[in-house]
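**Student:** Contents of entry.txt (compact mmCIF, C-alpha atoms and all ligand atoms) are given next:
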# COMPACT_ATOMS: atom_id res chain seq x y z
CA ILE Z 1 -3.93 14.70 -10.38
CA LEU Z 2 -0.71 13.59 -12.05
CA LYS Z 3 0.74 17.09 -11.70
CA GLN Z 4 -0.54 17.84 -8.20
CA THR Z 5 1.72 17.60 -5.18
CA TYR Z 6 0.94 15.11 -2.44
CA SER Z 7 0.01 17.94 -0.11
CA GLN Z 8 -2.35 19.50 -2.64
CA ARG Z 9 -3.98 16.11 -2.96
CA ALA Z 10 -4.31 15.70 0.79
CA ALA Z 11 -6.92 18.45 0.58
CA ASN Z 12 -8.99 16.34 -1.88
CA HIS Z 13 -9.49 13.64 0.73
CA THR Z 14 -11.84 13.41 3.67
CA ASN Z 15 -10.93 9.86 4.68
CA PRO Z 16 -8.47 10.23 7.62
CA ALA Z 17 -6.21 7.37 6.48
CA ALA Z 18 -5.81 8.81 2.98
CA LYS Z 19 -5.18 12.29 4.31
CA ALA Z 20 -2.63 11.06 6.85
CA LEU Z 21 -0.76 9.03 4.25
CA LEU Z 22 -0.51 11.94 1.82
CA GLU Z 23 0.58 14.31 4.56
CA THR Z 24 3.20 11.83 5.76
CA ILE Z 25 4.55 11.43 2.23
CA GLU Z 26 4.94 15.18 1.87
CA ARG Z 27 6.41 15.71 5.35
CA LYS Z 28 9.00 12.97 4.94
CA ARG Z 29 9.53 13.49 1.20
CA SER Z 30 9.06 9.77 0.77
CA ASN Z 31 6.63 7.77 -1.35
CA LEU Z 32 8.30 4.54 -0.23
CA CYS Z 33 6.37 1.79 1.51
CA VAL Z 34 8.44 -1.08 2.85
CA SER Z 35 6.90 -4.54 2.84
CA VAL Z 36 8.34 -6.46 5.78
CA ASP Z 37 7.72 -10.11 4.94
CA VAL Z 38 9.83 -11.88 7.54
CA THR Z 39 8.78 -14.58 9.99
CA GLN Z 40 10.57 -13.57 13.19
CA LYS Z 41 9.53 -10.72 15.45
CA ALA Z 42 13.11 -9.61 16.05
CA ASP Z 43 13.86 -9.34 12.32
CA PHE Z 44 10.58 -7.54 11.72
CA LEU Z 45 11.19 -4.89 14.36
CA ARG Z 46 14.87 -4.43 13.52
CA ILE Z 47 14.14 -3.84 9.83
CA ILE Z 48 11.37 -1.35 10.59
CA ASP Z 49 13.52 0.58 13.05
CA VAL Z 50 16.26 0.87 10.41
CA VAL Z 51 14.06 1.86 7.45
CA GLY Z 52 11.69 4.01 9.52
CA PRO Z 53 13.24 7.39 8.66
CA TYR Z 54 12.98 6.73 4.91
CA ILE Z 55 9.39 5.53 4.55
CA CYS Z 56 5.82 6.81 4.60
CA LEU Z 57 4.22 3.43 5.21
CA VAL Z 58 5.01 -0.05 6.57
CA LYS Z 59 3.22 -2.94 4.91
CA THR Z 60 2.79 -6.07 6.98
CA HIS Z 61 1.70 -9.68 6.55
CA VAL Z 62 1.20 -10.18 10.24
CA ASP Z 63 0.08 -13.80 9.78
CA VAL Z 64 3.54 -14.94 8.64
CA ILE Z 65 5.17 -14.06 11.95
CA GLU Z 66 5.83 -17.27 13.85
CA ASP Z 67 6.40 -15.82 17.30
CA PHE Z 68 3.53 -13.34 17.05
CA ASP Z 69 1.88 -12.05 20.19
CA TYR Z 70 -0.13 -8.89 20.55
CA SER Z 71 2.78 -6.99 22.11
CA LEU Z 72 4.28 -6.94 18.62
CA VAL Z 73 1.47 -4.65 17.56
CA GLU Z 74 2.26 -2.29 20.40
CA GLN Z 75 5.92 -2.25 19.42
CA LEU Z 76 4.96 -1.57 15.81
CA GLN Z 77 2.77 1.32 16.94
CA GLU Z 78 5.63 2.75 19.00
CA LEU Z 79 7.89 2.61 15.94
CA SER Z 80 5.21 4.27 13.83
CA VAL Z 81 5.19 7.20 16.26
CA LYS Z 82 8.98 7.30 16.63
CA HIS Z 83 9.57 7.37 12.86
CA ASP Z 84 6.29 8.95 11.69
CA PHE Z 85 4.90 6.34 9.30
CA GLN Z 86 1.47 4.79 8.67
CA ILE Z 87 0.63 1.08 8.85
CA PHE Z 88 -0.89 -1.10 6.11
CA GLU Z 89 -1.78 -4.73 6.84
CA ASP Z 90 -1.81 -6.41 3.42
CA ARG Z 91 -4.59 -8.83 4.40
CA LYS Z 92 -6.17 -9.17 0.94
CA PHE Z 93 -9.63 -9.96 2.30
CA ALA Z 94 -11.73 -11.96 -0.15
CA ASP Z 95 -14.83 -13.39 1.59
CA ILE Z 96 -18.47 -12.47 2.21
CA GLY Z 97 -19.22 -9.29 4.12
CA ASN Z 98 -20.03 -10.95 7.43
CA THR Z 99 -16.87 -13.05 7.42
CA VAL Z 100 -14.50 -10.25 6.45
CA ALA Z 101 -15.99 -8.03 9.16
CA LEU Z 102 -15.06 -10.73 11.69
CA GLN Z 103 -11.61 -11.31 10.19
CA TYR Z 104 -10.95 -7.56 10.23
CA SER Z 105 -12.15 -6.85 13.78
CA SER Z 106 -11.46 -10.07 15.67
CA GLY Z 107 -9.29 -13.16 15.95
CA VAL Z 108 -5.69 -13.05 17.08
CA TYR Z 109 -4.71 -10.04 15.01
CA LYS Z 110 -7.58 -7.52 15.42
CA ILE Z 111 -6.30 -5.77 12.30
CA ALA Z 112 -8.76 -2.88 12.41
CA GLN Z 113 -7.42 -1.86 15.83
CA TRP Z 114 -3.98 -0.91 14.53
CA SER Z 115 -3.79 -0.91 10.72
CA HIS Z 116 -4.61 2.47 9.18
CA ILE Z 117 -5.03 0.90 5.76
CA THR Z 118 -5.92 -2.58 4.60
CA ASN Z 119 -6.95 -4.12 1.28
CA ALA Z 120 -9.42 -6.48 -0.32
CA HIS Z 121 -9.93 -8.44 -3.50
CA PRO Z 122 -13.04 -7.19 -5.31
CA VAL Z 123 -13.95 -10.77 -6.29
CA PRO Z 124 -16.99 -11.09 -3.94
CA GLY Z 125 -18.50 -7.83 -5.23
CA PRO Z 126 -19.53 -4.68 -3.32
CA SER Z 127 -20.64 -6.57 -0.20
CA ILE Z 128 -17.00 -7.00 0.81
CA ILE Z 129 -16.78 -3.22 1.13
CA THR Z 130 -20.00 -3.11 3.15
CA GLY Z 131 -18.60 -5.70 5.56
CA LEU Z 132 -15.20 -4.09 5.99
CA SER Z 133 -16.49 -0.53 6.22
CA SER Z 134 -18.91 -1.51 9.00
CA VAL Z 135 -15.77 -2.10 11.09
CA GLY Z 136 -13.22 0.28 9.59
CA LEU Z 137 -15.12 3.44 8.75
CA PRO Z 138 -16.00 4.33 12.39
CA LEU Z 139 -12.30 3.88 13.24
CA GLY Z 140 -11.16 6.22 10.47
CA ARG Z 141 -9.55 3.44 8.44
CA GLY Z 142 -9.12 3.25 4.68
CA LEU Z 143 -9.43 0.41 2.17
CA LEU Z 144 -7.55 -0.31 -1.04
CA LEU Z 145 -9.05 -2.59 -3.69
CA LEU Z 146 -6.76 -4.92 -5.62
CA ALA Z 147 -7.60 -3.77 -9.14
CA GLU Z 148 -4.50 -5.37 -10.65
CA MET Z 149 -1.66 -7.59 -9.47
CA SER Z 150 2.04 -7.59 -10.22
CA THR Z 151 2.25 -11.31 -10.93
CA LYS Z 152 2.67 -12.99 -14.27
CA GLY Z 153 -0.67 -14.28 -15.61
CA SER Z 154 -2.79 -12.23 -13.18
CA LEU Z 155 -6.54 -12.57 -13.77
CA ALA Z 156 -7.18 -9.07 -12.46
CA VAL Z 157 -7.30 -7.43 -15.89
CA GLY Z 158 -9.85 -5.98 -18.31
CA SER Z 159 -13.44 -5.92 -17.11
CA TYR Z 160 -12.42 -7.21 -13.66
CA THR Z 161 -10.22 -4.15 -13.18
CA GLU Z 162 -13.00 -1.89 -14.51
CA GLU Z 163 -15.53 -3.34 -12.07
CA ALA Z 164 -13.06 -2.85 -9.22
CA VAL Z 165 -12.84 0.84 -10.06
CA ARG Z 166 -16.64 1.11 -10.24
CA MET Z 167 -16.90 -0.50 -6.81
CA ALA Z 168 -14.44 2.05 -5.47
CA ARG Z 169 -16.34 4.97 -7.04
CA ALA Z 170 -19.52 3.87 -5.33
CA ASN Z 171 -17.78 3.78 -1.91
CA ARG Z 172 -15.49 6.75 -1.81
CA ASP Z 173 -15.85 7.36 1.92
CA PHE Z 174 -13.98 4.15 2.73
CA VAL Z 175 -12.21 3.07 -0.47
CA ILE Z 176 -9.23 5.39 -0.78
CA GLY Z 177 -7.53 3.78 -3.75
CA PHE Z 178 -6.06 0.72 -5.36
CA ILE Z 179 -3.31 -1.77 -5.45
CA ALA Z 180 -2.55 -1.51 -9.15
CA GLN Z 181 0.22 -1.11 -11.68
CA ARG Z 182 -0.96 2.21 -13.17
CA ARG Z 183 -3.37 5.09 -12.56
CA MET Z 184 -7.00 4.06 -12.69
CA ASP Z 185 -8.41 7.51 -13.58
CA GLY Z 186 -11.18 7.21 -16.12
CA ILE Z 187 -11.20 3.41 -16.11
CA GLY Z 188 -14.63 1.76 -16.13
CA LEU Z 189 -16.57 5.00 -16.66
CA ARG Z 190 -20.04 4.48 -18.03
CA ASP Z 191 -21.66 6.82 -20.60
CA GLY Z 192 -22.23 10.22 -19.10
CA GLU Z 193 -20.02 9.57 -16.06
CA SER Z 194 -16.97 11.68 -15.38
CA SER Z 195 -13.95 11.14 -13.18
CA VAL Z 196 -13.38 14.85 -12.60
CA GLY Z 197 -12.62 15.53 -8.96
CA GLU Z 198 -11.82 11.90 -8.29
CA ASP Z 199 -8.52 11.21 -6.55
CA PHE Z 200 -7.74 7.59 -5.79
CA LEU Z 201 -4.35 6.63 -4.39
CA VAL Z 202 -2.43 3.99 -6.31
CA LEU Z 203 -0.01 1.87 -4.30
CA THR Z 204 2.17 -0.37 -6.39
CA PRO Z 205 4.01 -3.57 -5.46
CA GLY Z 206 6.39 -5.39 -7.75
CA VAL Z 207 9.10 -2.73 -7.50
CA GLY Z 208 12.80 -3.54 -7.73
CA LEU Z 209 15.92 -1.94 -9.12
CA ASP Z 210 18.20 -4.92 -9.43
CA VAL Z 211 16.16 -7.90 -10.66
CA LYS Z 212 13.17 -8.41 -12.97
CA GLY Z 213 11.49 -11.27 -11.10
CA ASP Z 214 11.77 -13.83 -8.30
CA GLY Z 215 11.24 -17.15 -10.08
CA MET Z 216 7.78 -17.44 -8.47
CA GLY Z 217 5.81 -15.19 -10.78
CA GLN Z 218 6.66 -11.84 -9.23
CA GLN Z 219 7.52 -9.15 -11.81
CA TYR Z 220 9.52 -6.05 -10.89
CA ARG Z 221 9.52 -2.59 -12.42
CA THR Z 222 11.63 0.37 -11.40
CA PRO Z 223 10.38 3.31 -9.30
CA ARG Z 224 10.73 5.48 -12.38
CA GLU Z 225 8.53 3.22 -14.49
CA VAL Z 226 5.96 3.00 -11.73
CA VAL Z 227 5.77 6.63 -10.56
CA LEU Z 228 6.76 8.63 -13.63
CA GLU Z 229 5.57 6.48 -16.53
CA SER Z 230 2.55 4.81 -14.91
CA GLY Z 231 1.51 7.61 -12.54
CA CYS Z 232 1.40 5.53 -9.34
CA ASP Z 233 1.66 7.24 -5.95
CA VAL Z 234 3.47 4.86 -3.61
CA ILE Z 235 6.14 2.28 -4.38
CA ILE Z 236 6.00 -0.91 -2.32
CA VAL Z 237 9.36 -2.64 -1.93
CA GLY Z 238 10.05 -5.82 0.03
CA ARG Z 239 13.03 -8.03 -0.75
CA GLY Z 240 14.70 -5.24 -2.72
CA ILE Z 241 15.27 -3.59 0.65
CA TYR Z 242 15.77 -6.33 3.22
CA GLY Z 243 17.44 -8.79 0.85
CA LYS Z 244 17.80 -12.55 1.09
CA ASP Z 245 18.99 -12.67 4.71
CA ASN Z 246 15.98 -11.07 6.43
CA GLY Z 247 17.84 -7.81 6.76
CA ALA Z 248 20.67 -9.25 8.85
CA ASN Z 249 22.94 -6.37 7.88
CA PRO Z 250 21.25 -3.17 9.07
CA GLU Z 251 23.63 -0.89 7.18
CA ALA Z 252 22.78 -2.64 3.89
CA VAL Z 253 19.06 -2.36 4.65
CA ARG Z 254 19.43 1.33 5.48
CA ALA Z 255 21.34 1.98 2.25
CA GLN Z 256 18.67 0.26 0.14
CA ALA Z 257 15.85 2.14 1.85
CA GLU Z 258 17.63 5.40 1.18
CA ARG Z 259 18.21 4.40 -2.44
CA TYR Z 260 14.58 3.49 -3.10
CA ARG Z 261 13.33 6.60 -1.31
CA GLU Z 262 15.51 8.75 -3.52
CA GLU Z 263 14.48 7.00 -6.74
CA GLY Z 264 10.80 7.20 -5.87
CA TRP Z 265 11.00 10.86 -4.94
CA LYS Z 266 13.01 11.84 -8.02
CA ALA Z 267 10.44 10.15 -10.24
CA TYR Z 268 7.63 12.03 -8.47
CA GLN Z 269 9.40 15.38 -8.78
CA GLU Z 270 9.93 14.77 -12.45
CA ARG Z 271 6.26 13.89 -12.80
CA ILE Z 272 5.00 17.08 -11.21
CA GLY Z 273 7.71 19.12 -12.94
CA SER Z 274 9.49 20.35 -9.84
CA THR Z 275 12.86 19.92 -8.21
CA ALA Z 276 11.98 21.71 -4.98
N1 LIG Z 301 1.99 -7.90 -3.42
C1 LIG Z 301 2.62 -8.11 -4.63
N2 LIG Z 301 1.88 -7.99 -5.79
C2 LIG Z 301 0.57 -7.69 -5.77
C3 LIG Z 301 -0.03 -7.49 -4.52
N3 LIG Z 301 0.69 -7.60 -3.39
O1 LIG Z 301 3.83 -8.39 -4.70
O2 LIG Z 301 -0.05 -7.55 -6.82
C4 LIG Z 301 2.72 -7.95 -2.12
C5 LIG Z 301 3.29 -9.27 -1.74
C6 LIG Z 301 4.54 -8.89 -0.97
C7 LIG Z 301 4.96 -7.56 -1.56
O3 LIG Z 301 2.38 -9.99 -0.92
O4 LIG Z 301 4.22 -8.69 0.39
O5 LIG Z 301 3.79 -7.01 -2.16
C8 LIG Z 301 6.07 -7.63 -2.59
O6 LIG Z 301 7.25 -8.09 -2.03
P1 LIG Z 301 8.63 -8.14 -2.84
O7 LIG Z 301 8.99 -6.70 -3.14
O8 LIG Z 301 9.58 -8.81 -1.89
O9 LIG Z 301 8.41 -8.94 -4.08
I need this file expressed as structure tokens, please.
**Tutor:**
Amino acid sequence: ILKQTYSQRAANHTNPAAKALLETIERKRSNLCVSVDVTQKADFLRIIDVVGPYICLVKTHVDVIEDFDYSLVEQLQELSVKHDFQIFEDRKFADIGNTVALQYSSGVYKIAQWSHITNAHPVPGPSIITGLSSVGLPLGRGLLLLAEMSTKGSLAVGSYTEEAVRMARANRDFVIGFIAQRRMDGIGLRDGESSVGEDFLVLTPGVGLDVKGDGMGQQYRTPREVVLESGCDVIIVGRGIYGKDNGANPEAVRAQAERYREEGWKAYQERIGSTA
């Protein structure tokens, strides 16, 4: 898997969200996901319109937007068509199956209606996947499990991470991969089990080129460390791209997006041993 191209890997997947993400990455030559964690609609849309050409995926925390109304979703969808990117609401579901099904389908945000990919903490056990897939699978959505976190002192380590991978293996129609800091291939295999033919996507937050942390527990690694050394597939970058001023200077945001796209793609090319 480490040496395969994104387009070769698209053929390994039947889940439409996984396939679409891999195809988008290849088409745009970008493994960059931008995390747009700002609280005003205008900032949110402006940043996405600027970074759009350089990304494969936009990651949202839609519940931090103060002036949210459902038209924002329609505007986001228009941008996703204009710039050809997928959408990932970073909801980090963590409740019982029945509750997460409601949180995913309903409420103000109706996440399943517009987010190609979402994610969940494995802490409740496999029933969280049952609940979310009852909503998302018929819509062609994909789920990532948080097998690890980027933060200092994270509890998602060791046997917790192994169990997360086992939960994913048992639900490969809907679970397309992980939020993690490294490849999960072969992790948590029981005697006699093999991970041959398995291809989970690894999307990795905690990526930055200029600083090592944020003073609130976040830890940053470079695209090279993440993609080349740890074998991850998508780099997730937030403040490294839109900065401290909510992306007030579009030219600076554009330049950072271009820079991270280039770094992420170079690391991937080096990994697969190609410069094409
Ligand atoms: N995120 C992490 N670490 C994780 C999981 N998720 O940072 O283990 C999310 C955060 C934020 C983004 O919720 O939206 O990724 C990182 O933003 P940053 O690049 O500005 O630190």
**Student:** Hey, which bits of chain Z sit within 6 Å of ligand LIG 301 (chain Z), and for each residue what's the closest pair of atoms and how far apart in Å (one decimal), counting all atoms listed in the file, rows by chain and increasing number, as CSV?
**Tutor:**
residue,atom,partner,partner_atom,distance
Z:Ser35,CA,Z:LIG301,O4,5.5
Z:Asp37,CA,Z:LIG301,O4,5.9
Z:Met149,CA,Z:LIG301,O2,3.1
Z:Ser150,CA,Z:LIG301,O2,4.0
Z:Pro205,CA,Z:LIG301,O5,4.8
Z:Gly206,CA,Z:LIG301,O1,5.0
Z:Val207,CA,Z:LIG301,O7,5.9
Z:Val237,CA,Z:LIG301,O7,4.3
Z:Gly238,CA,Z:LIG301,O7,3.5
Z:Arg239,CA,Z:LIG301,O8,3.7
Z:Gly240,CA,Z:LIG301,O7,5.9
**Student:** Quick one: everything within 6 Å of stretch 99-115 of chain Z, counting all atoms listed in the file, minus sequence neighbours fewer than 6 positions away in the same chain. Send it as a list in words.
**Tutor:**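 In the requested form, the answer reads Ile87, Phe88, Glu89, Gly131 and Leu132 of chain Z.
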**Student:** So what do you get for atom CA of Z:Ala94 versus atom CA of Z:Val123, distance-wise?
**Tutor:**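 Atom-to-atom, atom CA of Z:Ala94 to atom CA of Z:Val123, that is 6.6 Å.
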**Student:** Atom CA of Z:Ile179 and atom CA of Z:Ser194, how far apart in Å?
**Tutor:**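 The value is 21.6 Å.
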**Student:** Counting only C-alpha atoms, which residues of stretch 70-129 of chain Z fall within 7 Å of stretch 6-28 of chain Z, and what is the closest atom pair for each with its distance in Å at one decimal, ordered by chain and rising number, as JSON lines?
**Tutor:**
{"residue": "Z:Phe85", "atom": "CA", "partner": "Z:Thr24", "partner_atom": "CA", "distance": 6.7}
{"residue": "Z:Gln86", "atom": "CA", "partner": "Z:Leu21", "partner_atom": "CA", "distance": 6.5}
{"residue": "Z:His116", "atom": "CA", "partner": "Z:Ala17", "partner_atom": "CA", "distance": 5.8}
{"residue": "Z:Ile117", "atom": "CA", "partner": "Z:Ala17", "partner_atom": "CA", "distance": 6.6}
**Student:** Could you check how far atom CA of Z:Arg224 sits from atom CA of Z:Lys266, in Å to one decimal?
**Tutor:**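 Here the two named atoms are 8.0 Å from each other.
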**Student:** Need the shell around Z:Val34: protein/DNA/RNA residues with any atom at most 7 Å away, counting only C-alpha atoms. Skip same-chain ones fewer than 2 positions apart. Format as a ChimeraX atom specification?
**Tutor:** /Z:32,36,55,57-59,236-238
**Student:** Using all atoms listed in the file, determine which residues lie at most 10 Å from Z:Gln40, disregarding the query and same-chain residues fewer than 2 positions distant; provide the list as a VMD selection string.
**Tutor:** chain Z and resid 37 to 38 42 to 45 64 to 68 246
**Student:** Excluding same-chain residues fewer than 3 positions from Z:Cys232, what lies within 7 Å of it counting all atoms listed in the file, as an NGL selection string?
**Tutor:** :Z and (182-183 or 202-204 or 226-227)
**Student:** Around all of stretch 261-266 of chain Z's listed atoms, make the axis-aligned box with 4 Å on each side and tell me centre and edge lengths in Å to one decimal, as AutoDock Vina command-line options.
**Tutor:**
--center_x 13.2 --center_y 9.2 --center_z -4.7 --size_x 12.7 --size_y 13.2 --size_z 14.7
**Student:** I need the residue nearest Z:Leu145 from this list: Z:Gly192, Z:Glu163, Z:Gly125, Z:Gly177. Use all atoms listed in the file for the distance.
**Tutor:** Z:Gly177
**Student:** Using all atoms listed in the file, give me every residue within 12 Å of (-13.2, -14.9, -6.0) in file coordinates, as a list in words.
**Tutor:** Lys92, Phe93, Ala94, Asp95, Ile96, Ala120, His121, Pro122, Val123, Pro124, Gly125, Ile128, Leu146, Leu155, Ala156 and Tyr160 of chain Z
**Student:** Here is a test: counting all atoms listed in the file, which residue of Z:Ile1, Z:Val175, Z:Cys56, Z:Leu189 is nearest to Z:Ile129?
**Tutor:**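 Distance minimum relative to Z:Ile129 lands on Z:Val175.
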**Student:** Please, which residues are within 12 Å of (6.3, 10.3, -7.6) by the file's coordinates, counting all atoms listed in the file, and could they come as a PyMOL selection string?
**Tutor:** chain Z and resi 1-6+22+25-26+29-32+201-204+222-235+260-275
